[in-house]
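Q: The structure under discussion is supplied below as C-alpha cells; questions concerning it will follow.
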Amino acid sequence: MTAIPDTRPKMRGARFLQSRGMRRFFRHKLAVLGLAMITLIAVACIVGPWLLPHDMLDIDIRGRFSPPLTDTYLFGTDEMGRDLAARLFMAGRVSLMVGVAAMVLSTVVGTVIGLLAGHFGGALSTALMRFTDAFLCFPQIFLLLALAAFLEPDAMMITIIIALTSWMEIARIVAAEIRSLRERDFVTAARVSGASHAWIMFRELLPNAAGPIIVAATLTVARAILIEAYVSFLGYGIQPPLPSWGNMLNNAQQYLDSAPWLAIVPGVAITLAVTSFNFIGDGLRDALDARSDMP
Amino acid sequence: MSETPMIRTVDLAQHFPIRKGLPGRPGAVVRAIDGVSIDIPRRQVVGLVGESGSGKSTFGRAVMALDPPTSGRVEFDGTDLSQLSRAALAPYRRRMQMVFQDPFSSLNPRMSVAETLGMPLRFREGGAGRSERRDRAAEMLEMVGLPRSYLDRFPHEFSGGQRQRIGIARALMTSPDFLMADEVVSALDVSVQAQVLNLFARLQREMELTMLFITHDLAVVGHVSDIVAVMYLGRIVEIAPTRALFSGPRHPYTEALLSAAPSPVPGGARKRIILEGDVPSPVNPPSGCPFRTRCPYAIAACAEDRPALAAVGPDHRSACIRTDLDLMPATGRRTEAALEGSPG
Amino acid sequence: MTERLRVQDLSVHFRSERREVQVVHDLSFTLEAGRTLALVGESGSGKSVTSLALMGLLPPPPQSRTTGSALLEGRDGADLLGIPESRRRRLRGDRIAMIFQEPLTSLNPVHSVGAQLVEAIRSHRSVSRRAAWDRAEELLDEVGIPEPAARLASFPHELSGGMRQRVMIAIALALEPDVLIADEPTTALDVTVQAQILDLLRRVQERTGMAMLFITHDFGVVADIAHRTVVMYAGRMVEAGPTEDILRRPLMPYTSGLMASVPLLETAGTGRSELATIDGFVPDPAAPPAGCAFHPRCAHNRPGRCDVPPIAVEAPAPDRSIRCARWRELAEEVR
C-alpha cells in the first residue's frame with residue numbers, strides 16, 4: 001500500500017500548512033477539550049480570587065468544615081474556616097506557574113544538550129548522552145526529596161529542582177531528531193555554503209525539530225504539575241501558608257473521613273490539569289507529526 | 001593540456017569503520033572508495049557512473065571536502081584541500097558548489113526561497129547585504145527559468161522539478177567554478193528530467209562551469225558528459241572521452257553496463273550480457289580485480305594483482321588485464337532509426 | 001490468444017476532505033496468456049492506482065470508489081471488482097499475484113524467506129508443511145537464487161535488493177498465477193540487476209504462460225519486455241497498441257514527447273543536442289483541463305478542438321487506439 005498518489009489539491013502558502021496542522025489539532029476532540037479545560041482553569045486561577053467574596057487567608061471560625069455550596073463558599077471551607085475556592089485558585093496559580101516554569105527551564109536545558117549532542121556527534125555526543133542517561137538512572141522522586149530536604153524549598157527552588165530532574169527526555173528526543181535531520185541534504189547545502197555551527201544548529205536544525213519539542217514540552221508541564229503535587233503532598237515542596245494543590249492534599253489527609261471535599265477538590269483540579277495537558281500533547285503530536293503529512 | 005585541472009584527486013580513499021575493533025585487533029572497514037586518481041579538466045563535464053555501492057556518492061562528498069579522506073588528497077585548482085582548516089576552506093567553498101539528488105530534502109522547509117538562495121552569499125567575507133542577496137537571488141531564479149515572484153515562497157509550494165531548479169540556483173549564487181551534481185535527475189519524471197538536463201547543459205556553457213556529474217543512468221551520463229568514468233566497488237575501472245567509451249568500451253564491466261541499459265529504440269538484434277550475482281561487499285572485496293567474480297571473461301590471473309588504470313587509447317584508460325578482448329559498444333546495436341538522427 | 005483478464009471501463013475515485021476526485025477514467029484493456037501489457041506513464045498518471053484497484057488493495061469506500069469490471073477468465077472466473085472481499089482474497093495470490101517496486105517493504109522482516117513462501121503456498125493449497133517447504137526450495141531455485149536450501153532460512157534484510165525482488169517473484173509465482181501484476185519491479189534496482197530480473201520474468205512467462213501487466217515509466221523497459229503498451233496520462237488511456245508500433249510510430253504528441261525527452265545510449269557523446277521537453281506539469285486531478293487533459297502542455301494544441309470535451313477514442317489501425325483530436329492531421333504532417 002505504498003503507491004497511492006496524493007490527490008489532494010496542492011497547498012498554497014505557509015499559512016495553509018499551518019492551518020492544516022491546526023485543523024488536524026482541532027479535529028482531535030480530546031485535545032480541544034483539554035485546551036478548553038486548561039483555559040478555564042487558568043482563567044479561574046487568574047481572575048477567580050478577585051471575584052470571590054473571601055480572601056484565601058480570611059478565617060471564619062464558625063464556618064469551619066463547611067461542605068461545598070454552603071453560603072458563599074463555593075467549595076466549602078477548611079479546618080480554619082478559610083474559603084477552599086479562594087485557596088484552590090491561589091494554589092492553582094502556584095502549581096501552574098511551577099509547572100510552566102519547570103517546563104520552560106527543562107525544555108531549554110534539554111534542547112541545548114540534545115542539540116549539541118545531535119549536531120556535533122562523536123565524543124561530545126557520547127559524553128552528553130551518557131550524562132543524560134546517568135540522570136535518567138536516578139529515581140526522580142528520591143532525588144527530588146533529597147534535594148528538597150537539603151535545600152530551602154520555596155517555589156523557585158522547587159521549580160529548579162523539577163526542571164533539573166525532567167530535562168532528560170527532551171534531550172534524548174532532540175538529539176535523535178537532530179541526528180536524523182543532520183543527514184538531510186539542506187544541512188549539507190548549508191555546510192557547502194560555509195555556514196557556521198551556530199547557523200546550522202539554530203537556523204537549519206532547530207526550527208525543523210520544533211514539532212517534537214513542543215509536544216514533549218506540553219507533556220512535561222503535566223508531569224511537572226504532578227511532581228510538584230507529589231513533593232508538596234509529602235511535605236517537602238511548597239510550604240504553607242503559600243498554598244499549592246499538593247500541600248492542600250497533604251493538609252486534607254487528616255480530615256479524609258470528616259471533610260472529604262478538602263481532598264477531592266484539589267485532587268480533581270490536579271487530575272483535570274494533568275489530563276488536559278496530556279490531551280493537548282496528544283493532539284499536538286497528531287497535528288505536528290510530519291509523517292501524518294504523507295498521503 | 002598543460003593547464004592545471006580544476007579538480008585532481010590523488011589516490012583518494014575513504015574507509016568507514018563498521019564495527020569497532022577490539023584493542024589490538026582492527027575492526028571491519030567498508031572501503032567505499034579505494035585509491036581513486038582522476039582529473040577534472042577546466043570547463044569540462046566529467047560523468048561518474050556506477051551502480052549502488054560503487055562509492056560514487058562518497059567520492060563526490062570527498063571531492064567537496066565534506067568528509068576528510070582516509071588517505072590521498074583532493075586538489076582544487078592546484079591546492080590540496082585536505083590540509084586546510086574550516087576557516088581556510090571558506091574561500092574555496094564559494095568556488096565549488098553542489099546540487100543534490102532529493103529535491104525534497106535539499107531545501108530547508110522552514111526557509112523561504114530568498115533565504116535559501118541568500119545563504120551562500122551571507123557567509124562570504126564581509127557578507128552581502130539583504131538587498132544585494134535578494135537581487136542576486138532573483139537574477140539566479142530567472143537564470144534557472146523561474147519567476148522572481150517565487151522569492152518569498154516556501155519549498156512545499158513547489159513541484160520536484162521546480163525544487164531542483166531552486167537547488168541549482170542556490171549552487172550558482174556565488175558564481176562557482178566547479179559544480180558537483182549527485183543524481184540530480186533520478187528523482188524526476190522523464191519530461192521534467194529533460195528540462196533539468198537542458199538547463200545544466202545551458203548553464204555549463206554560459207557560465208563555463210567545470211562539472212562532476214554523478215549518476216547511475218548511462219544514457220544521462222552519455223548525454224551530459226565530455227568524459228565518462230566508470231566506477232565499480234570503490235575504484236575507477238575505465239575512463240575515456242564519452243564517444244570513445246560508448247563506442248569502444250575496453251573494460252568488461254563497462255560493456256555489461258552498456259548492454260544491460262534498456263533502450264527504447266525499437267528493433268535491432270541485441271545481444272544482452274547478463275551478469276551473474278550481485279556486487280560483492282565492499283567490506284571484503286575480491287582479491288585482484290574487483291569485478292572478476294562477475295566477469296564473463298575472467299581468467300586465473302585476474303585474481304592475482306589489482307589491475308592499474310592503463311592507457312588503452314588517446315585519453316582512454318582501463319583497469320583490465322584482458323587487453324585482448326573485442327568488446328561490444330553501445331552503438332553496436334544501433335538501428336537505422338537511431339542512425340538517421342545522429343551524425344557520425 | 002487466450003484472454004486471461006478483461007478490464008472494462010475501470011474508474012477509480014478518491015475522496016479527500018469531502019471532495020471526490022477521479023484518478024482513473026474508463027480504462028479498458030485485455031491481458032492475454034503468455035503476453036505482457038505495459039502501462040506507461042509519469043507520476044500521477046494513475047498507473048499504480050490501476051494495479052491496486054485490480055488487486056483490491058485500495059482503501060475501502062468511502063475513501064475510494066472503484067467502478068467498471070475486471071473479468072478473470074478460466075476456472076472459477078469472476079469479476080474481480082464485483083465479488084466480495086473474502087472471495088477476492090482467495091483469488092489473490094492464487095490466480096492473480098502482484099510484485100512491487102520496493103521488495104523490502106513488501107516482505108515481512110521478522111519471518112524467514114522460507115516461512116513466507118510456505119505461508120503463501122499453504123494459505124491457498126492444502127499441502128503438508130514438508131511438501132510446501134520442498135516447493136519453496138524449488139521456487140527459489142527457479143528464480144535463480146543460489147543455494148536455495150540455505151537461503152530459505154535467511155531473513156529479508158540479509159538479502160540484496162535484487163535477491164529480495166527474486167524472493168518476491170518466487171512468492172508471486174508460488175501458485176502459478178494466471179495473471180501477474182508487476183508495479184515498477186525494477187525501478188529501485190541497478191541496471192545490471194534490472195536486466196537479470198527482466199530476463200527472469202520473461203523466462204517464467206515463457207514457461208508458465210502467465211499474463212503480465214507491467215507498470216513502468218521507462219520506455220526502455222517497455223521496449224524490452226512488453227508486447228502491447230498502454231500509455232496513460234492524467235488517469236486516461238491516451239494511446240495503446242503493439243509496443244514496437246508505438247515506439248516506431250507514436251501518434252499521440254504526449255507519447256512522442258515523452259520518448260524524445262529521454263537521452264539515448266545510441267547517440268551518447270555525439271555533441272550535446274537539446275533534449276525535447278514537455279512544458280508545464282501533470283494537471284491536478286481535482287481540476288482537470290477540459291477536453292484533452294494534455295492540451296495545456298501540447299505543442300499541437302488548437303483552441304476550439306483540443307479543449308472541447310469529449311475527445312473520442314479512435315482506432316487508427318485494427319489493434320491501435322488513440323485519444324487525440326488531431327492525430328490524423330499530425331500523422332499527415334509527419335508524412
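How things are named: the first chain in the C-alpha cells is A, the next is B, and so on; residues count from 1 in each chain; ligands count from 1 in the order shown.
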Define the interface residues of chain C facing chain A as those within 10 Å, counting only C-alpha atoms, and report them as an MDAnalysis selection string.
A: chainID C and resid 13:17 19:23 43:52 57:59 100:102 105:106 183 284:287
Q: Could you write out that same residue set with N, CA and C atoms as a compact mmCIF listing (two decimals), in the first residue's frame?
A:
# COMPACT_ATOMS: atom_id res chain seq x y z
N HIS C 13 -12.26 6.59 -8.02
CA HIS C 13 -12.41 7.91 -7.39
C HIS C 13 -11.79 7.85 -6.00
N PHE C 14 -11.10 8.91 -5.62
CA PHE C 14 -10.64 9.04 -4.24
C PHE C 14 -11.45 10.15 -3.59
N ARG C 15 -11.71 9.96 -2.31
CA ARG C 15 -12.39 11.02 -1.59
C ARG C 15 -11.41 11.61 -0.58
N SER C 16 -11.23 12.91 -0.64
CA SER C 16 -10.40 13.54 0.38
C SER C 16 -11.04 14.84 0.78
N GLU C 17 -11.14 15.03 2.08
CA GLU C 17 -11.72 16.26 2.62
C GLU C 17 -13.04 16.60 1.92
N ARG C 19 -14.27 15.89 -0.82
CA ARG C 19 -14.36 16.08 -2.26
C ARG C 19 -14.01 14.78 -2.94
N GLU C 20 -14.68 14.48 -4.04
CA GLU C 20 -14.34 13.27 -4.74
C GLU C 20 -13.53 13.63 -5.98
N VAL C 21 -12.42 12.91 -6.15
CA VAL C 21 -11.53 13.20 -7.25
C VAL C 21 -11.37 11.93 -8.06
N GLN C 22 -11.55 12.03 -9.38
CA GLN C 22 -11.41 10.83 -10.21
C GLN C 22 -9.97 10.72 -10.67
N VAL C 23 -9.32 9.60 -10.34
CA VAL C 23 -7.92 9.44 -10.71
C VAL C 23 -7.71 8.43 -11.84
N SER C 43 4.45 10.10 -12.99
CA SER C 43 3.74 10.07 -11.72
C SER C 43 2.43 10.85 -11.88
N GLY C 44 1.39 10.35 -11.24
CA GLY C 44 0.09 10.99 -11.35
C GLY C 44 -0.71 10.54 -12.55
N SER C 45 -0.20 9.55 -13.30
CA SER C 45 -0.94 9.11 -14.48
C SER C 45 -2.03 8.11 -14.11
N GLY C 46 -1.98 7.58 -12.89
CA GLY C 46 -3.00 6.62 -12.47
C GLY C 46 -2.61 5.18 -12.71
N LYS C 47 -1.35 4.94 -13.12
CA LYS C 47 -0.99 3.58 -13.48
C LYS C 47 -0.88 2.66 -12.26
N SER C 48 -0.34 3.18 -11.17
CA SER C 48 -0.24 2.34 -9.97
C SER C 48 -1.60 2.14 -9.32
N VAL C 49 -2.42 3.18 -9.34
CA VAL C 49 -3.75 3.06 -8.76
C VAL C 49 -4.53 1.96 -9.49
N THR C 50 -4.33 1.88 -10.80
CA THR C 50 -4.99 0.84 -11.58
C THR C 50 -4.63 -0.55 -11.06
N SER C 51 -3.33 -0.76 -10.82
CA SER C 51 -2.92 -2.08 -10.36
C SER C 51 -3.48 -2.39 -8.98
N LEU C 52 -3.48 -1.38 -8.11
CA LEU C 52 -4.00 -1.61 -6.76
C LEU C 52 -5.51 -1.87 -6.81
N LEU C 57 -6.67 -3.54 -3.45
CA LEU C 57 -5.81 -3.08 -2.36
C LEU C 57 -5.99 -1.59 -2.08
N LEU C 58 -6.99 -0.98 -2.70
CA LEU C 58 -7.23 0.43 -2.41
C LEU C 58 -7.98 0.54 -1.08
N PRO C 59 -7.90 1.70 -0.41
CA PRO C 59 -8.66 1.84 0.83
C PRO C 59 -10.15 1.64 0.56
N PHE C 100 5.95 -5.64 -6.22
CA PHE C 100 6.01 -4.20 -6.02
C PHE C 100 7.40 -3.66 -6.30
N GLN C 101 7.45 -2.31 -6.25
CA GLN C 101 8.73 -1.64 -6.50
C GLN C 101 9.75 -1.93 -5.40
N GLU C 102 9.31 -1.83 -4.16
CA GLU C 102 10.28 -1.94 -3.07
C GLU C 102 10.05 -3.25 -2.32
N THR C 105 9.83 -3.51 1.72
CA THR C 105 8.63 -3.19 2.49
C THR C 105 7.51 -4.18 2.24
N SER C 106 7.62 -4.98 1.19
CA SER C 106 6.54 -5.95 0.97
C SER C 106 6.85 -7.29 1.61
N ASP C 183 4.40 -3.90 -10.52
CA ASP C 183 4.34 -2.44 -10.41
C ASP C 183 5.75 -1.89 -10.23
N ASP C 284 -3.65 18.81 -11.98
CA ASP C 284 -4.22 18.44 -10.70
C ASP C 284 -5.50 17.63 -10.97
N PRO C 285 -5.58 16.38 -10.47
CA PRO C 285 -6.76 15.56 -10.78
C PRO C 285 -8.05 16.17 -10.26
N ALA C 286 -7.96 17.09 -9.30
CA ALA C 286 -9.17 17.72 -8.78
C ALA C 286 -9.69 18.78 -9.75
N ALA C 287 -8.81 19.29 -10.62
CA ALA C 287 -9.24 20.33 -11.57
C ALA C 287 -8.65 20.03 -12.93
Q: Using only C-alpha atoms, I'd like every residue of chain B that has an atom within 8 Å of chain A; please write them out as a ChimeraX atom specification.
A: /B:64,66,90,93-94,97-98,100,102,105-110,119-121,123-124,153-154,156-157
Q: Find the residues around A:Ile46 up to 9 Å (only C-alpha atoms counted), leave out those fewer than 5 positions away in its own chain, and share them as a VMD selection string.
A: chain A and resid 41 89 to 90 92 to 93
Q: Can you spit out the residues from that selection as a PDB file, in the first residue's frame, using N, CA and C atoms?
A:
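What ended up in result28.pdb:
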ATOM      1  N   ILE A  41      -9.330  26.640  33.606  1.00  0.00           N
ATOM      2  CA  ILE A  41      -8.608  26.577  34.887  1.00  0.00           C
ATOM      3  C   ILE A  41      -7.719  27.800  35.041  1.00  0.00           C
ATOM      4  N   PHE A  89      -7.794  28.404  43.959  1.00  0.00           N
ATOM      5  CA  PHE A  89      -7.368  29.203  42.819  1.00  0.00           C
ATOM      6  C   PHE A  89      -5.981  29.792  43.044  1.00  0.00           C
ATOM      7  N   MET A  90      -5.722  30.243  44.282  1.00  0.00           N
ATOM      8  CA  MET A  90      -4.384  30.757  44.566  1.00  0.00           C
ATOM      9  C   MET A  90      -3.350  29.631  44.412  1.00  0.00           C
ATOM     10  N   GLY A  92      -3.684  27.105  42.544  1.00  0.00           N
ATOM     11  CA  GLY A  92      -3.574  26.829  41.118  1.00  0.00           C
ATOM     12  C   GLY A  92      -2.555  27.744  40.469  1.00  0.00           C
ATOM     13  N   ARG A  93      -2.553  29.028  40.864  1.00  0.00           N
ATOM     14  CA  ARG A  93      -1.549  29.934  40.318  1.00  0.00           C
ATOM     15  C   ARG A  93      -0.148  29.386  40.565  1.00  0.00           C
TER      16      ARG A  93
END
Q: Select all residues from chain C having any atom no more than 7 Å from an atom of chain B (counting only C-alpha atoms, ignoring ligands), output as a PDB file with C-alpha atoms, in the first residue's frame.
A:
ATOM      1  CA  GLU C  42       4.609   9.577 -15.369  1.00  0.00           C
ATOM      2  CA  SER C  43       3.739  10.072 -11.715  1.00  0.00           C
ATOM      3  CA  ASP C 190      20.666  -1.267 -10.589  1.00  0.00           C
ATOM      4  CA  VAL C 191      20.773  -1.713 -14.370  1.00  0.00           C
ATOM      5  CA  THR C 192      22.671  -4.973 -14.309  1.00  0.00           C
ATOM      6  CA  ALA C 195      18.480  -6.872 -16.707  1.00  0.00           C
ATOM      7  CA  GLN C 196      18.564 -10.058 -14.617  1.00  0.00           C
ATOM      8  CA  PHE C 219      10.223   3.268 -22.313  1.00  0.00           C
ATOM      9  CA  GLY C 220      13.485   1.333 -22.392  1.00  0.00           C
ATOM     10  CA  VAL C 221      11.988  -1.308 -20.106  1.00  0.00           C
ATOM     11  CA  ALA C 223      10.734  -1.967 -25.327  1.00  0.00           C
ATOM     12  CA  ASP C 224      12.423  -4.800 -23.526  1.00  0.00           C
ATOM     13  CA  GLU C 244       7.003  -1.903 -31.428  1.00  0.00           C
ATOM     14  CA  LEU C 247       7.814   3.050 -30.293  1.00  0.00           C
ATOM     15  CA  ARG C 248       8.290   3.365 -34.031  1.00  0.00           C
ATOM     16  CA  LEU C 258       7.925  11.581 -23.645  1.00  0.00           C
ATOM     17  CA  SER C 261      12.796  13.631 -23.804  1.00  0.00           C
ATOM     18  CA  VAL C 262      14.836  10.553 -22.877  1.00  0.00           C
ATOM     19  CA  PRO C 263      18.516  10.698 -23.793  1.00  0.00           C
ATOM     20  CA  LEU C 264      19.549   7.703 -25.893  1.00  0.00           C
ATOM     21  CA  LEU C 265      22.516   5.465 -25.316  1.00  0.00           C
ATOM     22  CA  GLU C 266      22.864   5.180 -29.061  1.00  0.00           C
ATOM     23  CA  THR C 267      23.653   8.858 -29.527  1.00  0.00           C
ATOM     24  CA  ALA C 268      25.861   9.312 -26.448  1.00  0.00           C
ATOM     25  CA  GLY C 269      28.790  11.652 -26.907  1.00  0.00           C
ATOM     26  CA  THR C 270      27.652  12.953 -30.284  1.00  0.00           C
ATOM     27  CA  ARG C 272      25.157  17.936 -26.688  1.00  0.00           C
ATOM     28  CA  GLU C 274      18.942  19.811 -26.651  1.00  0.00           C
ATOM     29  CA  LEU C 275      16.540  17.196 -25.398  1.00  0.00           C
ATOM     30  CA  ALA C 276      12.939  17.740 -26.346  1.00  0.00           C
ATOM     31  CA  THR C 277      10.913  18.753 -23.344  1.00  0.00           C
ATOM     32  CA  ILE C 278       7.276  18.877 -22.367  1.00  0.00           C
TER      33      ILE C 278
END
Q: Work out how far apart atom CA of C:Thr67 and atom CA of C:Ile215 are and give it in Å to one decimal.
A: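 Pair atom CA of C:Thr67 / atom CA of C:Ile215 returns 20.6 Å.
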Q: Just the helix (DSSP H, G or I) stuff from stretch 105-192 of chain B, please, per backbone DSSP, written as a PyMOL selection string.
A: chain B and resi 113-122+130-143+148-152+155-157+160-172+190-192
Q: Tell me which protein, DNA and RNA residues are within 7 Å of stretch 26-32 of chain A, counting only C-alpha atoms, leaving out same-chain ones fewer than 5 positions away, and put them as a list in words.
A: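 So the residues in contact are Phe279, Ile280, Asp282 and Gly283 of chain A.
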Q: Could you save the residues just selected, with N, CA, C and O atoms, as a compact mmCIF listing (two decimals), in the first residue's frame?
A:
# COMPACT_ATOMS: atom_id res chain seq x y z
N PHE A 279 -3.80 15.51 26.99
CA PHE A 279 -4.64 15.50 25.78
C PHE A 279 -4.10 16.49 24.75
O PHE A 279 -4.02 16.20 23.56
N ILE A 280 -3.74 17.69 25.24
CA ILE A 280 -3.20 18.69 24.31
C ILE A 280 -1.94 18.15 23.64
O ILE A 280 -1.74 18.28 22.43
N ASP A 282 -1.16 15.04 23.08
CA ASP A 282 -1.53 14.04 22.06
C ASP A 282 -2.01 14.72 20.79
O ASP A 282 -1.65 14.33 19.68
N GLY A 283 -2.85 15.73 20.97
CA GLY A 283 -3.38 16.45 19.81
C GLY A 283 -2.28 17.11 19.02
O GLY A 283 -2.24 17.04 17.79
Q: With only C-alpha atoms as the counted atoms, please give the residues lying no more than 6 Å from C:Ile181, apart from itself and same-chain residues fewer than 3 positions off, as an MDAnalysis selection string.
A: chainID C and resid 98 212:213
Q: Would you please extract all strand (DSSP E or B) residues from stretch 42-139 of chain C, as assigned by DSSP on the backbone, and give them as a VMD selection string?
A: chain C and resid 64 to 72 78 to 79 92 96 to 99
Q: Selection from above, N, CA and C atoms, as an mmCIF file, in the first residue's frame, can you write it?
A:
data_model
loop_
_atom_site.group_PDB
_atom_site.id
_atom_site.type_symbol
_atom_site.label_atom_id
_atom_site.label_comp_id
_atom_site.auth_asym_id
_atom_site.auth_seq_id
_atom_site.Cartn_x
_atom_site.Cartn_y
_atom_site.Cartn_z
ATOM 1 N N SER C 64 -12.238 5.397 -1.196
ATOM 2 C CA SER C 64 -12.041 5.237 -2.623
ATOM 3 C C SER C 64 -13.230 4.466 -3.181
ATOM 4 N N ARG C 65 -13.515 4.670 -4.454
ATOM 5 C CA ARG C 65 -14.656 4.014 -5.073
ATOM 6 C C ARG C 65 -14.198 3.522 -6.433
ATOM 7 N N THR C 66 -14.379 2.221 -6.676
ATOM 8 C CA THR C 66 -13.937 1.636 -7.936
ATOM 9 C C THR C 66 -15.160 1.157 -8.703
ATOM 10 N N THR C 67 -15.275 1.523 -9.983
ATOM 11 C CA THR C 67 -16.370 1.032 -10.808
ATOM 12 C C THR C 67 -15.807 0.394 -12.071
ATOM 13 N N GLY C 68 -16.669 -0.275 -12.812
ATOM 14 C CA GLY C 68 -16.224 -0.996 -14.004
ATOM 15 C C GLY C 68 -16.122 -2.476 -13.687
ATOM 16 N N SER C 69 -15.512 -3.230 -14.598
ATOM 17 C CA SER C 69 -15.400 -4.665 -14.347
ATOM 18 C C SER C 69 -14.013 -5.154 -14.732
ATOM 19 N N ALA C 70 -13.602 -6.249 -14.113
ATOM 20 C CA ALA C 70 -12.325 -6.883 -14.440
ATOM 21 C C ALA C 70 -12.565 -8.384 -14.407
ATOM 22 N N LEU C 71 -12.851 -8.941 -15.566
ATOM 23 C CA LEU C 71 -13.235 -10.351 -15.625
ATOM 24 C C LEU C 71 -12.014 -11.246 -15.717
ATOM 25 N N LEU C 72 -11.880 -12.084 -14.700
ATOM 26 C CA LEU C 72 -10.822 -13.076 -14.691
ATOM 27 C C LEU C 72 -11.375 -14.316 -15.383
ATOM 28 N N ALA C 78 -14.257 -14.800 -12.468
ATOM 29 C CA ALA C 78 -15.083 -13.892 -11.675
ATOM 30 C C ALA C 78 -14.749 -12.458 -12.050
ATOM 31 N N ASP C 79 -15.663 -11.553 -11.732
ATOM 32 C CA ASP C 79 -15.387 -10.139 -11.890
ATOM 33 C C ASP C 79 -14.692 -9.641 -10.627
ATOM 34 N N ARG C 92 -6.599 -13.790 -4.866
ATOM 35 C CA ARG C 92 -5.360 -13.036 -4.807
ATOM 36 C C ARG C 92 -4.232 -13.953 -4.363
ATOM 37 N N ILE C 96 -4.223 -14.489 -9.262
ATOM 38 C CA ILE C 96 -3.656 -13.202 -9.661
ATOM 39 C C ILE C 96 -2.680 -12.759 -8.573
ATOM 40 N N ALA C 97 -1.459 -12.440 -8.957
ATOM 41 C CA ALA C 97 -0.448 -12.096 -7.964
ATOM 42 C C ALA C 97 0.200 -10.776 -8.343
ATOM 43 N N MET C 98 0.933 -10.199 -7.390
ATOM 44 C CA MET C 98 1.489 -8.874 -7.648
ATOM 45 C C MET C 98 2.881 -8.757 -7.053
ATOM 46 N N ILE C 99 3.780 -8.047 -7.764
ATOM 47 C CA ILE C 99 5.077 -7.682 -7.179
ATOM 48 C C ILE C 99 5.218 -6.164 -7.217
#
Q: Kindly give the distance, in Å, that separates atom CA of A:Phe142 and atom CA of A:Gly246, rounded to a single decimal.
A: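 The value is 16.9 Å.
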Q: Which value, in Å to one decimal, gives the distance between atom CA of B:Arg134 and atom CA of B:Leu212?
A: 28.2 Å
Q: Excluding C:Arg228 and any residue of its chain fewer than 2 positions from it, enumerate the residues within 9 Å of it, using only C-alpha atoms, and give them as a CSV table (one decimal) with N, CA and C atoms, in the first residue's frame.
A:
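Ended up saving to result_32.csv:
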chain,number,residue,atom,x,y,z
C,35,ARG,N,1.5,-13.2,-22.6
C,35,ARG,CA,1.8,-11.9,-23.2
C,35,ARG,C,1.9,-10.9,-22.1
C,36,THR,N,2.7,-9.8,-22.4
C,36,THR,CA,2.9,-8.7,-21.4
C,36,THR,C,2.3,-7.4,-21.9
C,37,LEU,N,1.5,-6.8,-21.1
C,37,LEU,CA,1.0,-5.5,-21.4
C,37,LEU,C,1.6,-4.4,-20.5
C,38,ALA,N,2.2,-3.4,-21.1
C,38,ALA,CA,2.8,-2.3,-20.2
C,38,ALA,C,1.9,-1.2,-20.1
C,39,LEU,N,1.7,-0.7,-18.8
C,39,LEU,CA,1.1,0.6,-18.6
C,39,LEU,C,2.2,1.6,-18.3
C,222,VAL,N,9.9,-0.9,-21.3
C,222,VAL,CA,8.8,-1.3,-22.1
C,222,VAL,C,9.2,-2.0,-23.4
C,226,ALA,N,7.5,-5.6,-23.1
C,226,ALA,CA,6.1,-5.6,-23.3
C,226,ALA,C,5.7,-5.9,-24.8
C,230,VAL,N,0.1,0.4,-23.2
C,230,VAL,CA,-1.0,1.4,-23.0
C,230,VAL,C,-0.3,2.6,-22.3
C,240,ALA,N,-2.7,3.3,-27.3
C,240,ALA,CA,-2.5,1.9,-27.0
C,240,ALA,C,-2.2,1.2,-28.3
C,241,GLY,N,-1.4,0.1,-28.2
C,241,GLY,CA,-1.1,-0.7,-29.4
C,241,GLY,C,0.0,-1.6,-29.2
C,242,PRO,N,0.5,-2.3,-30.2
C,242,PRO,CA,1.6,-3.2,-30.1
C,242,PRO,C,2.9,-2.3,-29.8
C,243,THR,N,3.7,-2.8,-28.9
C,243,THR,CA,4.8,-2.0,-28.4
C,243,THR,C,5.7,-1.4,-29.5
C,244,GLU,N,6.1,-2.3,-30.4
C,244,GLU,CA,7.0,-1.9,-31.4
C,244,GLU,C,6.4,-0.8,-32.3
C,246,ILE,N,4.1,1.4,-31.4
C,246,ILE,CA,4.1,2.6,-30.7
C,246,ILE,C,5.4,3.3,-30.6
Q: List the spatial neighbours of B:His15 as a list of chain:residue names - criterion: any atom at most 7 Å away, only C-alpha atoms, same-chain residues fewer than 4 positions off excluded.
A: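 Here the qualifying residues turn out to be B:Val29, B:Val30, B:Arg31, B:Ala32, B:Ile33, B:Thr70.
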